[in-house]
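What follows is one structure encoded as structure tokens, with my remarks underneath.
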Amino acid sequence: MTRITHEEAFSELSAVALETVSADIASAVRAHAAVCPECGPELAAMEQTVAILGELVPPGQINRGRSAGVRSRLLMRARAERESRSAPVPGPPDIARGVASLTGQGQRVTPGAQRVVTGESKRVTTPPTWDVVPVRRGMNWYAIAATVALVITGAQLLRVTSDRDRMRSEIVPVDTTKSPVDSLTLALSQKDSMIAAMTGPDVKVVPLTNQSARQPLGRMMWNRSSNDWIMVTYNLRQPKPGMTYQVWLVTDDAKISAGTFRPDAEGKTFMHAKYPMDRNALRAVAITEEPEGGVPAPTGPMVVAGSA
Amino acid sequence: MNPSERAQSYSGENGSNADDVALMRRIVEADETALGALYDRWVRSLYSLVLHLLKDPDEAEDVVEETFWQAWRKADSYEPSKGAVSTWLLTIGRRKALDRLRSRKRSKEDAISDDRTFADLPSNAPDPAVDAEGAELREHVRAALNELPDEQREVLELGYFSGLSQSEIADATGQPLGTVKTRMRLAMQKLREPLSMHRGMTE
């Protein structure tokens, strides 16, 4: 820490109170003030003065609709965070690695991202098992969600495995035609990757819900070792005409657009992406309704969200 | 109404600080409805300050959200003895707004030319009836600011609204660093007494 004399500390008190000095100097001044009978009270008084200056600004008008959107997002984040407080503490972190890519079910893909799998939602035809898991009032929601996550993962795994086996059988009779074989082999490889992504030991599951839903409307599964992201949604209404859904990965510093999508007629979506992120960085996953083509920062109402 | 009477009756934008403290206790216990109530009470004040700093409604909205989110996540760090809940919220919001201002990497000339001054603030809320007591307080503080010599008020404004360091203020205004430091300290000391009454009002 920077060493500082009494005179130096005293001359910086107002700047520290205004928070206009470097963290290094602020720390040194605060350390001095903590034991200095002159600087301590002076700094406290100055900080009070600065704090009160903020109240000079009279309350203004904030757009009612946008304010309602902010409020809604906040409450959803808070609710999801509250429910996850009783969740098990994740294991020791490491840094995720990989190549950024993200898909959005044949819709717009975030600029710079690379499509890996598309059109998956059309393959989701079996109603998810977790739809029938009851959510009783007063129960630990997170515990239920964790159980449900296992069920849904199992359901998806069953479907993916079944698709893979079907593809294996289809490869044999067509192996004289190179192009279809290549295509099926590629699809098989993708399915294998997906199974690995959803069943790895380091998969974090983020339930996606909203205030009116009694059970999750979707889930983001994040394999923090392989950087695979798989998002499924269920019973998601269609976005309004001219609008689309946009996925956001929320960190302390940013809301990262993870692409746009539109659920199928049954409200189902299946998205797969590869995207590197520090395993401690994710705070929440959110889906907002935005103008077609997506936006650089969320502007529309939040449809579902979940705390990481 | 004298300051002592105001201290007993001041109720902020919408309700008393005691109500806010009660909400903070519920937020600590993870009651998100209390967060919603706190938001309803203070969003307009916070948004106004942040918008005044950033001059960008979208960014201001983001900062408002992140401020209340921090209030939710760090509610247990609020200490009633150090000031009103509203003051705490506004301090968090200003800090976040200044971080954004700094990240824009504005030139010092830009910062100086911005109209972020105390005098530039509107004196009343759009609906004075909603905020009559707050308006009275603001007039009280504004009067104290007006008593400051122009050069002291200027350095305070540059520090408060633009987040400029004392060295940057010295560069931008052409004043010696020592002069800037002295003016800022004197400005703070002169404001202390009139503004300290506000602390009593909200406790």
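Every chain in the structure tokens has a letter given in the order shown (A, B, ...), and although residue numbers restart at 1 in each chain, ligands are simply numbered from 1 in the order shown.
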
With a cut-off of 9 Å and counting only C-alpha atoms, select all residues of chain A in contact with chain B and give the selection as a compact mmCIF listing (two decimals) with C-alpha atoms, in the first residue's frame.
# COMPACT_ATOMS: atom_id res chain seq x y z
CA SER A 11 -4.73 17.34 1.40
CA GLU A 12 -6.44 14.38 -0.28
CA LEU A 13 -9.42 14.08 2.05
CA SER A 14 -11.88 15.94 -0.15
CA ALA A 15 -10.80 13.98 -3.23
CA LEU A 18 -15.54 12.62 -3.83
CA GLU A 19 -14.03 9.31 -4.96
CA THR A 20 -11.84 11.02 -7.51
CA VAL A 21 -8.49 9.52 -6.51
CA SER A 22 -6.93 6.18 -7.40
CA GLU A 42 -12.86 15.29 8.73
CA ALA A 44 -16.39 11.27 7.64
CA ALA A 45 -17.88 14.77 7.54
CA MET A 46 -16.78 15.29 3.95
CA GLN A 48 -21.55 12.98 4.45
CA THR A 49 -21.46 16.24 2.56
CA VAL A 50 -20.79 14.52 -0.75
CA ALA A 51 -23.51 11.97 -0.12
CA ILE A 52 -26.10 14.62 0.61
CA LEU A 53 -25.23 16.60 -2.50
CA GLY A 54 -26.84 13.83 -4.52
CA GLU A 55 -30.18 14.73 -3.06
CA LEU A 56 -29.98 18.15 -4.63
CA VAL A 57 -31.33 16.66 -7.81
CA PRO A 58 -35.11 16.68 -7.66
CA PRO A 59 -36.94 13.50 -8.61
CA GLY A 60 -37.50 13.49 -12.34
CA GLN A 61 -39.59 11.59 -14.79
CA ILE A 62 -38.49 8.16 -15.89
CA ARG A 66 -39.06 1.33 -19.19
CA SER A 67 -39.07 1.79 -15.44
CA VAL A 70 -36.21 -2.36 -14.97
CA ARG A 71 -38.32 -3.14 -11.93
CA SER A 72 -39.46 -6.41 -13.39
CA ARG A 73 -35.91 -7.46 -14.25
CA LEU A 74 -34.72 -6.55 -10.78
CA LEU A 75 -37.40 -8.53 -9.03
CA MET A 76 -36.84 -11.54 -11.22
CA ARG A 77 -33.12 -11.40 -10.60
CA ALA A 78 -33.74 -11.00 -6.88
CA ARG A 79 -36.19 -13.85 -6.78
CA GLU A 81 -30.97 -15.15 -6.51
CA ARG A 82 -32.94 -15.75 -3.33
CA ASP A 252 -21.19 -8.03 -13.01
CA THR A 299 -34.37 -2.75 -24.01

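If you count only C-alpha atoms and ignore residues fewer than 4 places along the chain from A:Met302, what sits within 8 Å of it is Gly69, Ser72, Arg73, Ala286, Ile287, Thr288 and Glu289 of chain A.
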
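The two atoms in question, atom CA of A:Asn223 and atom CA of A:Pro207, are spaced 14.5 Å apart.
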
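Interatomic distance, atom CA of A:Pro296 to atom CA of B:Asp56: 15.4 Å.
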
When DSSP is applied to the backbone of this structure, which of stretch 209-245 of chain A are assigned strand (DSSP E)? Write them out as a CSV table (one decimal) with N, CA and C atoms, in the first residue's frame.
chain,number,residue,atom,x,y,z
A,218,GLY,N,-37.7,-22.9,-18.8
A,218,GLY,CA,-36.5,-23.2,-19.6
A,218,GLY,C,-35.3,-23.4,-18.8
A,219,ARG,N,-34.2,-23.8,-19.4
A,219,ARG,CA,-33.0,-24.0,-18.6
A,219,ARG,C,-31.8,-23.7,-19.5
A,220,MET,N,-30.8,-23.2,-18.9
A,220,MET,CA,-29.5,-23.0,-19.6
A,220,MET,C,-28.5,-24.0,-18.9
A,221,MET,N,-27.9,-24.9,-19.7
A,221,MET,CA,-26.9,-25.8,-19.1
A,221,MET,C,-25.6,-25.4,-19.7
A,222,TRP,N,-24.7,-25.1,-18.8
A,222,TRP,CA,-23.4,-24.6,-19.1
A,222,TRP,C,-22.3,-25.6,-18.6
A,223,ASN,N,-21.7,-26.2,-19.6
A,223,ASN,CA,-20.6,-27.1,-19.3
A,223,ASN,C,-19.3,-26.2,-19.2
A,228,ASP,N,-19.5,-25.5,-23.5
A,228,ASP,CA,-20.8,-25.7,-24.2
A,228,ASP,C,-21.9,-25.1,-23.4
A,229,TRP,N,-22.8,-24.4,-24.2
A,229,TRP,CA,-24.0,-23.9,-23.6
A,229,TRP,C,-25.2,-24.5,-24.3
A,230,ILE,N,-26.1,-25.0,-23.6
A,230,ILE,CA,-27.3,-25.6,-24.2
A,230,ILE,C,-28.5,-25.0,-23.5
A,231,MET,N,-29.3,-24.4,-24.3
A,231,MET,CA,-30.5,-23.8,-23.7
A,231,MET,C,-31.8,-24.5,-24.3
A,232,VAL,N,-32.6,-24.8,-23.4
A,232,VAL,CA,-33.9,-25.4,-23.8
A,232,VAL,C,-35.0,-24.5,-23.2
A,233,THR,N,-36.1,-24.3,-23.9
A,233,THR,CA,-37.3,-23.6,-23.3
A,233,THR,C,-38.5,-24.4,-23.6
A,243,MET,N,-41.0,-8.9,-33.5
A,243,MET,CA,-40.1,-9.0,-32.3
A,243,MET,C,-39.5,-10.4,-32.3
A,244,THR,N,-38.4,-10.5,-31.5
A,244,THR,CA,-37.8,-11.8,-31.4
A,244,THR,C,-37.3,-11.9,-29.9
A,245,TYR,N,-36.9,-13.1,-29.5
A,245,TYR,CA,-36.3,-13.2,-28.2
A,245,TYR,C,-34.8,-13.1,-28.3
